[in-house]
Each structure stands twice: as structure tokens, then as C-alpha cells.
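Okay, structure first, notes after.
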Amino acid sequence: MNHTVYQAEIESWRRRMEQSLRADRGWLTLAGLFWLNEGENRFGAATDNQIVLPGDSAPAHAGSFAFQGGAVTLRAETAGVTLNGEPVTTARLRSDAEANPDLVEIGDLIMQVIRRGERYAIRLWDRRSPARAAFTGRRWYPVRESYRLPARFMPHDPPRTLPVPNVLGETEQRLSPGYATFTIDGREYSLDAVTDEDQLFFIFRDQTAGQTTYGAGRFLKAAFPQNGQITLDFNRAYSPPCAFTEFATCPLPPRRNYLPLRIEAGEIYEHSHD
């Protein structure tokens with residue numbers, strides 16, 4: 001690929017990553033994560049609620065989420081609550097584990113039911129998040145084509161499960177279609193893959209972690225293989241959501257995806273801001 005064309009392609013992708021981060025439901029606006037207990041989980045600005053919302057964005061008592069047997073029902077107590085843009089009084093809510101998850105809004109706040117393992121929570125976004133207002137931009141290594149690497153994809157036949165830990169201290173068994181092998185400076189390395197919608201997804205950690213990149217590791221996506229080949233473009237390696245918010249539930253790299261070398265490409269993390 002022509003160098004100028006490739007440089008422009010990566011820079012365009014990085015701008016889209018920036019826009020996604022700053023979006024109304026981007027990671028910078030994430031403002032809370034509230035685990036649901038069986039029964040009523042009341043929400044509003046008052047401190048006697050189980051889900052305490054920012055005080056200038058909601059009434060003292062706005063309603064509740066009734067949680068029973070894995071089902072979540074919204075019960076609104078103010079006219080300002082909407083469901084998917086429409087006024088609502090009561091409704092069963094679809095979580096992010098289902099198709100078309102529901103969005104509950106009140107003023108500048110957006111809420112969604114999320115499922116993690118057997119637990120359910122309310123995820124809260126705030127369009128007026130201070131983190132969004134204060135953010136000065138993502139940081140990246142200079143684009144280097146030498147980090148755009150051809151790799152062989154070795155499929156598991158049949159696919160097998162890969163234990164993937166997360167920041168909650170849990171381990172999720174995720175389906176792995178195979179692993180990629182690639183060469184840097186004459187040495188061969190490998191990364192186990194899981195799938196993310198229509199792409200391969202690699203959660204990895206290299207020796208820049210905790211120094212110039214995010215300590216817990218980074219993410220990288222790649223197209224599915226063609227004729228047993230994929231491209232690993234580490235110029236597109238990026239920090240997980242946990243680099244930007246304490247309310248994310250990020251997966252962590254499997255032990256097999258700890259790389260014994262420095263990958264000085266992709267997103268930089270300013271550890272001095274921890």
C-alpha cells in the first residue's frame with residue numbers, strides 16, 4: 001500500500017476512534033455502574049436511592065428498576081423519564097445481552113441494563129460528564145508501516161473456549177476460533193483470538209504496558225482470515241475502556257497473550273494522569 005494512502009487511512013481511523021470516545025454514549029460520558037439487587041432498586045438524585053443520579057440532572061425520586069429472576073422492569077414516577085425516546089410509566093427492559101437493548105433517559109442522563117455473567121447492572125451515561133469536558137484527546141505513537149504485519153491464522157477445529165479474565169475478578173469462557181502467528185525481528189509470536197461481531201478480537205499485553213501504554217493491556221481487531229492469512233496492524237492497537245473510566249467492565253489479556261517484547265505502536269497512555 002502506498003505510504004501516503006496508508007498514513008491517511010490510519011489517521012482517519014484514529015479520528016473516528018476519538019469521535020466514538022467523545023460521543024453521547026462514549027466511554028467519557030460513562031458516569032456510573034450500579035449492580036442490581038433482587039427487588040426494587042430506586043433511582044433519583046436523593047441519597048436514599050440505591051441508584052443515586054447527578055443532583056442537577058434528575059429529581060430526588062424518579063422511579064425504580066424492579067429486578068426479579070433476571071428480568072428488569074422500569075417503573076417511572078416522573079413525566080421526564082423516557083424509554084427509547086418515548087414517554088413511559090412501566091416496561092420490561094432489554095439488556096445489552098439481547099437484541100436492541102433499551103435506553104432509559106432523563107434529562108442529560110442515559111441508562112441501560114447490562115448483563116455480566118449472572119449479574120445485572122444499570123450503566124449510566126451523563127452527557128455533561130466532567131471527564132468529557134476535560135478530555136484533551138487520545139495519544140498515539142507515530143504510524144510505522146513495519147508494525148502492519150502479515151500473520152498466519154491457525155484455526156481451532158472445532159473452536160474451543162478461551163478463559164478471559166476481567167476487571168471484576170471474574171473469568172469468562174469465550175469462544176476462540178484460533179490463534180495468529182507473526183514474526184518480529186526474526187522471532188515468532190502468537191496471539192489467541194476471540195470474535196467480536198464480524199471481526200477477530202485480540203486482547204494483549206506487551207512490555208510497554210505500564211510505561212507508555214495502558215498497564216492492563218490493549219485491544220486489536222482484524223478481519224477474518226482469507227486463505228489462512230490475516231493482517232495484524234498494531235498501529236490500530238488501542239486502550240480498553242478502563243483507561244478512560246472506572247465504570248467499565250473490561251476484559252483482560254489471557255496469559256498466553258502476554259508478549260515478551262515492546263510493541264511501540266498504537267495508542268499511548270499517559271500514566272502520569274493516573
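Please note that chains go A, B, ... in the order of the C-alpha cells, that every chain numbers its residues from 1, and that ligands are numbered from 1 in the order shown.
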**Report entry** Those in segment 19-254 of chain A with strand (DSSP E or B) from DSSP, as number ranges by chain
**Finding:** A: 30-35, 39-44, 51-52, 63-68, 71-76, 81-83, 86-87, 90-93, 104-106, 109-116, 119-126, 139-140, 148-166, 171-184, 187-196, 199-205, 209, 213, 218-222, 226, 229-233, 238, 251
Leaving out Pro163 of chain A and any residue of its chain fewer than 3 positions from it, which residues lie within 8 Å of it when counting only C-alpha atoms, given as a CSV table (one decimal) with C-alpha atoms, in the first residue's frame?
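Listed below is the output, part_15.csv:
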```
chain,number,residue,atom,x,y,z
A,171,THR,CA,-13.3,-15.3,34.2
A,172,GLU,CA,-15.4,-15.7,31.2
A,173,GLN,CA,-15.2,-18.6,28.8
A,174,ARG,CA,-15.2,-17.1,25.3
A,254,PRO,CA,-5.3,-14.1,28.7
```
Would you kindly return, as a PDB file with N, CA, C and O atoms, in the first residue's frame, each protein, DNA or RNA residue with an atom no farther than 10 Å from any atom of Glu18 of chain A, considering only C-alpha atoms and excluding same-chain residues fewer than 6 positions away?
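For reference, selection07.pdb as written:
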```
ATOM      1  N   SER A  12      -7.339   8.699   9.648  1.00  0.00           N
ATOM      2  CA  SER A  12      -8.799   8.770   9.582  1.00  0.00           C
ATOM      3  C   SER A  12      -9.432   7.834  10.609  1.00  0.00           C
ATOM      4  O   SER A  12     -10.398   8.211  11.286  1.00  0.00           O
ATOM      5  N   GLY A  26     -20.322   7.499  24.613  1.00  0.00           N
ATOM      6  CA  GLY A  26     -18.929   7.070  24.598  1.00  0.00           C
ATOM      7  C   GLY A  26     -18.431   6.829  26.007  1.00  0.00           C
ATOM      8  O   GLY A  26     -19.121   7.106  26.997  1.00  0.00           O
ATOM      9  N   GLY A 137      -7.780  14.618  24.424  1.00  0.00           N
ATOM     10  CA  GLY A 137      -7.526  13.849  23.207  1.00  0.00           C
ATOM     11  C   GLY A 137      -6.722  12.592  23.439  1.00  0.00           C
ATOM     12  O   GLY A 137      -5.954  12.475  24.401  1.00  0.00           O
ATOM     13  N   ARG A 138      -6.909  11.614  22.565  1.00  0.00           N
ATOM     14  CA  ARG A 138      -6.135  10.382  22.612  1.00  0.00           C
ATOM     15  C   ARG A 138      -4.720  10.675  22.136  1.00  0.00           C
ATOM     16  O   ARG A 138      -4.467  11.625  21.381  1.00  0.00           O
ATOM     17  N   ARG A 139      -3.774   9.819  22.562  1.00  0.00           N
ATOM     18  CA  ARG A 139      -2.369   9.967  22.172  1.00  0.00           C
ATOM     19  C   ARG A 139      -1.930   8.692  21.453  1.00  0.00           C
ATOM     20  O   ARG A 139      -2.277   7.589  21.866  1.00  0.00           O
TER      21      ARG A 139
END
```
Write out as a PDB file with N, CA and C atoms, in the first residue's frame the residues lying within 12 Å of Pro54 of chain A, counting only C-alpha atoms and excluding same-chain residues fewer than 5 positions away.
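The resulting file, result27.pdb, is shown below:
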```pdb
ATOM      1  N   ALA A  31     -20.835   7.437  33.637  1.00  0.00           N
ATOM      2  CA  ALA A  31     -20.828   8.136  34.925  1.00  0.00           C
ATOM      3  C   ALA A  31     -21.230   7.252  36.099  1.00  0.00           C
ATOM      4  N   GLY A  32     -21.536   5.992  35.854  1.00  0.00           N
ATOM      5  CA  GLY A  32     -21.922   5.138  36.975  1.00  0.00           C
ATOM      6  C   GLY A  32     -22.189   3.708  36.545  1.00  0.00           C
ATOM      7  N   PHE A  43     -34.179   4.910  41.813  1.00  0.00           N
ATOM      8  CA  PHE A  43     -33.205   5.828  41.244  1.00  0.00           C
ATOM      9  C   PHE A  43     -33.701   7.265  41.312  1.00  0.00           C
ATOM     10  N   GLY A  44     -32.768   8.184  41.490  1.00  0.00           N
ATOM     11  CA  GLY A  44     -33.047   9.603  41.589  1.00  0.00           C
ATOM     12  C   GLY A  44     -31.865  10.307  42.222  1.00  0.00           C
ATOM     13  N   ALA A  45     -31.980  11.615  42.427  1.00  0.00           N
ATOM     14  CA  ALA A  45     -30.859  12.400  42.950  1.00  0.00           C
ATOM     15  C   ALA A  45     -30.700  12.275  44.458  1.00  0.00           C
ATOM     16  N   ALA A  46     -31.739  11.885  45.177  1.00  0.00           N
ATOM     17  CA  ALA A  46     -31.655  11.788  46.633  1.00  0.00           C
ATOM     18  C   ALA A  46     -30.743  10.640  47.050  1.00  0.00           C
ATOM     19  N   THR A  47     -30.047  10.824  48.150  1.00  0.00           N
ATOM     20  CA  THR A  47     -29.063   9.835  48.588  1.00  0.00           C
ATOM     21  C   THR A  47     -29.692   8.572  49.168  1.00  0.00           C
ATOM     22  N   ASN A  49     -31.715   6.737  47.516  1.00  0.00           N
ATOM     23  CA  ASN A  49     -31.907   5.815  46.401  1.00  0.00           C
ATOM     24  C   ASN A  49     -30.763   4.814  46.329  1.00  0.00           C
ATOM     25  N   PRO A  59     -34.767  14.489  39.264  1.00  0.00           N
ATOM     26  CA  PRO A  59     -35.497  14.767  40.502  1.00  0.00           C
ATOM     27  C   PRO A  59     -35.021  13.849  41.622  1.00  0.00           C
ATOM     28  N   ALA A  60     -35.431  14.183  42.851  1.00  0.00           N
ATOM     29  CA  ALA A  60     -34.984  13.412  44.009  1.00  0.00           C
ATOM     30  C   ALA A  60     -35.353  11.946  43.893  1.00  0.00           C
ATOM     31  N   HIS A  61     -36.572  11.670  43.433  1.00  0.00           N
ATOM     32  CA  HIS A  61     -37.043  10.290  43.272  1.00  0.00           C
ATOM     33  C   HIS A  61     -37.713  10.180  41.909  1.00  0.00           C
ATOM     34  N   ILE A 106     -33.409  10.509  31.163  1.00  0.00           N
ATOM     35  CA  ILE A 106     -33.991  11.571  31.981  1.00  0.00           C
ATOM     36  C   ILE A 106     -33.041  12.752  31.932  1.00  0.00           C
ATOM     37  N   GLY A 107     -33.463  13.835  31.300  1.00  0.00           N
ATOM     38  CA  GLY A 107     -32.582  14.986  31.107  1.00  0.00           C
ATOM     39  C   GLY A 107     -31.350  14.603  30.306  1.00  0.00           C
ATOM     40  N   ASP A 108     -30.178  14.908  30.852  1.00  0.00           N
ATOM     41  CA  ASP A 108     -28.912  14.599  30.175  1.00  0.00           C
ATOM     42  C   ASP A 108     -28.405  13.196  30.487  1.00  0.00           C
ATOM     43  N   LEU A 109     -29.186  12.419  31.211  1.00  0.00           N
ATOM     44  CA  LEU A 109     -28.750  11.087  31.650  1.00  0.00           C
ATOM     45  C   LEU A 109     -29.354   9.993  30.774  1.00  0.00           C
ATOM     46  N   ILE A 110     -28.558   8.960  30.551  1.00  0.00           N
ATOM     47  CA  ILE A 110     -28.988   7.784  29.793  1.00  0.00           C
ATOM     48  C   ILE A 110     -28.653   6.557  30.629  1.00  0.00           C
ATOM     49  N   LEU A 124     -24.827   3.971  33.532  1.00  0.00           N
ATOM     50  CA  LEU A 124     -25.275   5.360  33.457  1.00  0.00           C
ATOM     51  C   LEU A 124     -24.304   6.194  32.641  1.00  0.00           C
ATOM     52  N   TRP A 125     -24.860   6.951  31.678  1.00  0.00           N
ATOM     53  CA  TRP A 125     -24.087   7.959  30.946  1.00  0.00           C
ATOM     54  C   TRP A 125     -24.623   9.343  31.294  1.00  0.00           C
ATOM     55  N   ASP A 126     -23.736  10.322  31.294  1.00  0.00           N
ATOM     56  CA  ASP A 126     -24.103  11.711  31.566  1.00  0.00           C
ATOM     57  C   ASP A 126     -23.515  12.577  30.454  1.00  0.00           C
ATOM     58  N   ARG A 127     -24.395  13.162  29.633  1.00  0.00           N
ATOM     59  CA  ARG A 127     -23.905  13.979  28.518  1.00  0.00           C
ATOM     60  C   ARG A 127     -23.054  15.158  29.003  1.00  0.00           C
ATOM     61  N   ARG A 128     -23.260  15.582  30.244  1.00  0.00           N
ATOM     62  CA  ARG A 128     -22.492  16.701  30.803  1.00  0.00           C
ATOM     63  C   ARG A 128     -21.366  16.211  31.705  1.00  0.00           C
ATOM     64  N   SER A 129     -20.879  15.025  31.441  1.00  0.00           N
ATOM     65  CA  SER A 129     -19.809  14.444  32.244  1.00  0.00           C
ATOM     66  C   SER A 129     -18.583  15.366  32.300  1.00  0.00           C
ATOM     67  N   PRO A 130     -18.051  15.630  33.488  1.00  0.00           N
ATOM     68  CA  PRO A 130     -16.823  16.434  33.587  1.00  0.00           C
ATOM     69  C   PRO A 130     -15.652  15.808  32.836  1.00  0.00           C
TER      70      PRO A 130
END
```
Query raised in the report: Using only C-alpha atoms, which residues sit within 12 Å of Glu118 of chain A once same-chain residues fewer than 4 positions away are excluded, as a list of chain:residue names?
Result: A:Trp35, A:Leu36, A:Gly69, A:Gly70, A:Ala71, A:Ala97, A:Ile114, A:Glu170, A:Glu172
Report task. Quote the spacing between atom CA of Leu261 of chain A and atom CA of Ala222 of chain A in Å to one decimal place. Result -> 20.4 Å
Report task. Determine, counting only C-alpha atoms, which protein, DNA and RNA residues have an atom within 10 Å of an atom of Ile263 of chain A; residues of the same chain fewer than 5 positions away are not included. Present the result as a ChimeraX atom specification. Result -> /A:147,184,205-209,213,234-235,237
Query - Shell around Arg92 of chain A at 12 Å using only C-alpha atoms, local window under 4 positions removed, as a ChimeraX atom specification - result: /A:64-68,70-76,83,88,101-104,112-113
